[in-house]
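Structure, as structure tokens:
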Amino acid sequence: MISKEKIKNNPLLTLLINVRNSELFWIITFSVLTALSAQLAVPTQPVPFTVQTMLVLLSGAFLGSRKAAYSQILYLTIGALGFPVFAGFSFGVAKLFGPTGGYLLAFPFAAFLTGYILERKSNSFLILLSFITGELLILLSGALYLSIFMGGNFYNALFSGAIIFSVWDLVKIAAAFSIYKAVSKKYPKLP
């Protein structure tokens, strides 16, 4: 641990600590983590298996509702502006209006909902409930939107865009829960 005297006498160290403790730093950090996790994907059709929804949930848990939603809005904005941050290094506004658009557009809402639940009270049950609720919001929104591209057949979209992911999503929820429980002991909320 660095002493307070060393920090006070070193302007660069002071700047780095102030940046690390800023809200903007953590909003950007979770946007970047979401972008990186989107690249951990198994390319399936019509929707790839990715890790990014786990980061959406963790952003809500660590940042709280408002800042988590901002982090996901920033992620979507960067991708819409042409940076290759979506799954498979894809990008562009068209991605938000394609078959996976419903999932992506649900990210800010799922992050907000997860954070909102945990801002009220945080115990193991509510952590799991908030993660499951956030994940279900993403899956249902995605499947509903996907059904437009499947001739309006919601049942086919629900199966190929949500139910098929159920085991994978349980693994991501369990991993998010474990990560949050381990890290939140030292850092319950960021910053």
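Ordered as shown in the structure tokens, chains take letters A, B, and onward, while each chain numbers its residues from 1 and ligands are numbered from 1 in the order shown.
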Next item on the list: Using DSSP on the backbone coordinates, identify the residues of segment 36-114 of chain A assigned to helix (DSSP H, G or I); present them as a PyMOL selection string.
Entry: chain A and resi 36-38+52-63+65-80+87-89+93-96+101-114
Selection from above, N, CA and C atoms, as a compact mmCIF listing (two decimals), in the first residue's frame, can you write it?
# COMPACT_ATOMS: atom_id res chain seq x y z
N LEU A 36 -14.78 -6.26 -25.33
CA LEU A 36 -13.84 -7.39 -25.36
C LEU A 36 -14.57 -8.72 -25.19
N SER A 37 -15.55 -8.74 -24.30
CA SER A 37 -16.28 -9.99 -24.06
C SER A 37 -17.15 -10.39 -25.25
N ALA A 38 -17.52 -9.42 -26.08
CA ALA A 38 -18.29 -9.73 -27.29
C ALA A 38 -17.46 -10.56 -28.27
N GLN A 52 -20.66 -11.47 -23.46
CA GLN A 52 -20.91 -10.07 -23.14
C GLN A 52 -22.09 -9.83 -22.21
N THR A 53 -23.11 -10.67 -22.20
CA THR A 53 -24.21 -10.41 -21.28
C THR A 53 -23.76 -10.52 -19.83
N MET A 54 -22.75 -11.35 -19.58
CA MET A 54 -22.21 -11.44 -18.22
C MET A 54 -21.64 -10.09 -17.79
N LEU A 55 -20.97 -9.39 -18.71
CA LEU A 55 -20.41 -8.08 -18.38
C LEU A 55 -21.50 -7.03 -18.22
N VAL A 56 -22.59 -7.18 -18.95
CA VAL A 56 -23.72 -6.27 -18.78
C VAL A 56 -24.26 -6.39 -17.36
N LEU A 57 -24.42 -7.62 -16.90
CA LEU A 57 -24.92 -7.86 -15.54
C LEU A 57 -23.93 -7.36 -14.49
N LEU A 58 -22.66 -7.62 -14.70
CA LEU A 58 -21.65 -7.16 -13.74
C LEU A 58 -21.55 -5.64 -13.71
N SER A 59 -21.78 -5.00 -14.85
CA SER A 59 -21.77 -3.53 -14.83
C SER A 59 -22.88 -3.01 -13.92
N GLY A 60 -24.05 -3.63 -14.00
CA GLY A 60 -25.14 -3.23 -13.12
C GLY A 60 -24.82 -3.47 -11.66
N ALA A 61 -24.21 -4.60 -11.38
CA ALA A 61 -23.89 -4.94 -9.99
C ALA A 61 -22.83 -4.01 -9.40
N PHE A 62 -21.80 -3.71 -10.17
CA PHE A 62 -20.71 -2.91 -9.64
C PHE A 62 -20.92 -1.40 -9.76
N LEU A 63 -21.58 -0.97 -10.81
CA LEU A 63 -21.70 0.48 -11.05
C LEU A 63 -23.00 1.07 -10.53
N SER A 65 -27.36 1.31 -11.08
CA SER A 65 -28.27 1.39 -12.23
C SER A 65 -27.89 2.44 -13.26
N ARG A 66 -27.73 3.65 -12.82
CA ARG A 66 -27.51 4.77 -13.76
C ARG A 66 -26.19 4.64 -14.51
N LYS A 67 -25.10 4.45 -13.78
CA LYS A 67 -23.78 4.37 -14.41
C LYS A 67 -23.65 3.12 -15.28
N ALA A 68 -24.27 2.03 -14.87
CA ALA A 68 -24.24 0.81 -15.68
C ALA A 68 -24.96 1.03 -17.00
N ALA A 69 -26.11 1.68 -16.95
CA ALA A 69 -26.84 1.98 -18.19
C ALA A 69 -25.99 2.87 -19.09
N TYR A 70 -25.32 3.86 -18.51
CA TYR A 70 -24.44 4.73 -19.30
C TYR A 70 -23.32 3.92 -19.95
N SER A 71 -22.76 2.96 -19.23
CA SER A 71 -21.66 2.17 -19.80
C SER A 71 -22.13 1.39 -21.02
N GLN A 72 -23.36 0.89 -20.96
CA GLN A 72 -23.88 0.10 -22.08
C GLN A 72 -24.34 1.00 -23.23
N ILE A 73 -24.84 2.17 -22.90
CA ILE A 73 -25.18 3.14 -23.96
C ILE A 73 -23.91 3.56 -24.69
N LEU A 74 -22.83 3.78 -23.93
CA LEU A 74 -21.55 4.12 -24.54
C LEU A 74 -21.07 2.99 -25.45
N TYR A 75 -21.18 1.77 -24.99
CA TYR A 75 -20.80 0.60 -25.80
C TYR A 75 -21.57 0.58 -27.12
N LEU A 76 -22.89 0.74 -27.05
CA LEU A 76 -23.71 0.73 -28.26
C LEU A 76 -23.38 1.90 -29.18
N THR A 77 -23.14 3.05 -28.60
CA THR A 77 -22.81 4.25 -29.39
C THR A 77 -21.49 4.06 -30.13
N ILE A 78 -20.50 3.54 -29.45
CA ILE A 78 -19.20 3.30 -30.08
C ILE A 78 -19.35 2.33 -31.25
N GLY A 79 -20.12 1.27 -31.05
CA GLY A 79 -20.35 0.31 -32.13
C GLY A 79 -21.13 0.92 -33.28
N ALA A 80 -22.13 1.72 -32.96
CA ALA A 80 -22.94 2.37 -34.01
C ALA A 80 -22.11 3.37 -34.81
N ALA A 87 -20.01 -8.50 -31.59
CA ALA A 87 -19.51 -9.87 -31.78
C ALA A 87 -18.93 -10.03 -33.18
N GLY A 88 -17.80 -10.72 -33.23
CA GLY A 88 -17.13 -10.94 -34.51
C GLY A 88 -16.52 -9.69 -35.09
N PHE A 89 -16.21 -8.73 -34.25
CA PHE A 89 -15.64 -7.44 -34.65
C PHE A 89 -16.55 -6.71 -35.64
N VAL A 93 -24.60 1.01 -37.28
CA VAL A 93 -25.99 1.17 -36.87
C VAL A 93 -26.83 0.01 -37.37
N ALA A 94 -26.51 -0.52 -38.54
CA ALA A 94 -27.28 -1.64 -39.10
C ALA A 94 -27.29 -2.84 -38.16
N LYS A 95 -26.23 -3.00 -37.39
CA LYS A 95 -26.17 -4.12 -36.44
C LYS A 95 -27.27 -4.00 -35.37
N LEU A 96 -27.60 -2.76 -35.02
CA LEU A 96 -28.65 -2.53 -34.03
C LEU A 96 -30.05 -2.80 -34.59
N GLY A 101 -30.18 -7.11 -32.92
CA GLY A 101 -30.43 -5.77 -32.40
C GLY A 101 -31.23 -5.75 -31.11
N GLY A 102 -32.17 -6.64 -30.95
CA GLY A 102 -32.99 -6.67 -29.74
C GLY A 102 -32.18 -7.00 -28.50
N TYR A 103 -31.19 -7.86 -28.66
CA TYR A 103 -30.31 -8.19 -27.54
C TYR A 103 -29.48 -6.96 -27.17
N LEU A 104 -28.83 -6.39 -28.20
CA LEU A 104 -27.95 -5.25 -27.97
C LEU A 104 -28.71 -4.07 -27.36
N LEU A 105 -29.86 -3.76 -27.90
CA LEU A 105 -30.62 -2.61 -27.41
C LEU A 105 -31.15 -2.82 -25.99
N ALA A 106 -31.21 -4.07 -25.55
CA ALA A 106 -31.66 -4.37 -24.18
C ALA A 106 -30.54 -4.20 -23.16
N PHE A 107 -29.29 -4.12 -23.60
CA PHE A 107 -28.17 -4.04 -22.66
C PHE A 107 -28.31 -2.91 -21.64
N PRO A 108 -28.57 -1.66 -22.07
CA PRO A 108 -28.68 -0.60 -21.06
C PRO A 108 -29.80 -0.85 -20.05
N PHE A 109 -30.91 -1.40 -20.52
CA PHE A 109 -32.05 -1.67 -19.64
C PHE A 109 -31.74 -2.80 -18.66
N ALA A 110 -31.07 -3.84 -19.14
CA ALA A 110 -30.71 -4.96 -18.26
C ALA A 110 -29.67 -4.52 -17.22
N ALA A 111 -28.71 -3.71 -17.65
CA ALA A 111 -27.71 -3.20 -16.70
C ALA A 111 -28.38 -2.33 -15.65
N PHE A 112 -29.30 -1.47 -16.09
CA PHE A 112 -30.03 -0.60 -15.17
C PHE A 112 -30.83 -1.44 -14.18
N LEU A 113 -31.58 -2.42 -14.68
CA LEU A 113 -32.42 -3.26 -13.84
C LEU A 113 -31.59 -4.03 -12.81
N THR A 114 -30.49 -4.60 -13.24
CA THR A 114 -29.62 -5.34 -12.32
C THR A 114 -29.12 -4.42 -11.22
Check: Using only C-alpha atoms, which of A:Pro84, A:Ser122, A:Val47, A:Leu170 sits nearest Lys185 of chain A?
Finding: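 Counting only C-alpha atoms, the residue closest to Lys185 of chain A is A:Ser122.
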Next item on the list: Determine, counting only C-alpha atoms, which protein, DNA and RNA residues have an atom within 9 Å of an atom of segment 151-168 of chain A; residues of the same chain fewer than 2 positions away are not included. Present the result as a ChimeraX atom specification.
Entry: /A:45-47,49,100,136,139-140,142-149,170-173
Next item on the list: Compare A:Gly64, A:Asn10, A:Val183, A:Ala175 by their minimum atom-to-atom distance to Lys121 of chain A, counting only C-alpha atoms, and give me the closest one.
Entry: A:Gly64
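Atom CA of Arg120 of chain A is positioned 25.3 Å from atom CA of Leu33 of chain A.
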Next item on the list: Report the distance between atom CA of Ile179 of chain A and atom CA of Phe83 of chain A in Å, rounded to one decimal place.
Entry: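 Result for atom CA of Ile179 of chain A versus atom CA of Phe83 of chain A: 28.1 Å, one decimal.
Nearest to Ile127 of chain A of all the residues A:Tyr187, A:Phe25, A:Tyr180, A:Phe30 is A:Tyr180, based on only C-alpha atoms.
Picture a line from atom CA of Ser124 of chain A to atom CA of Leu190 of chain A; it runs 18.8 Å.
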Item checked: Residue nearest Phe86 of chain A among A:Ile132, A:Ile28, A:Leu126, A:Ala35 (counting only C-alpha atoms) ->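 For Phe86 of chain A, the nearest of the candidates is A:Ala35.
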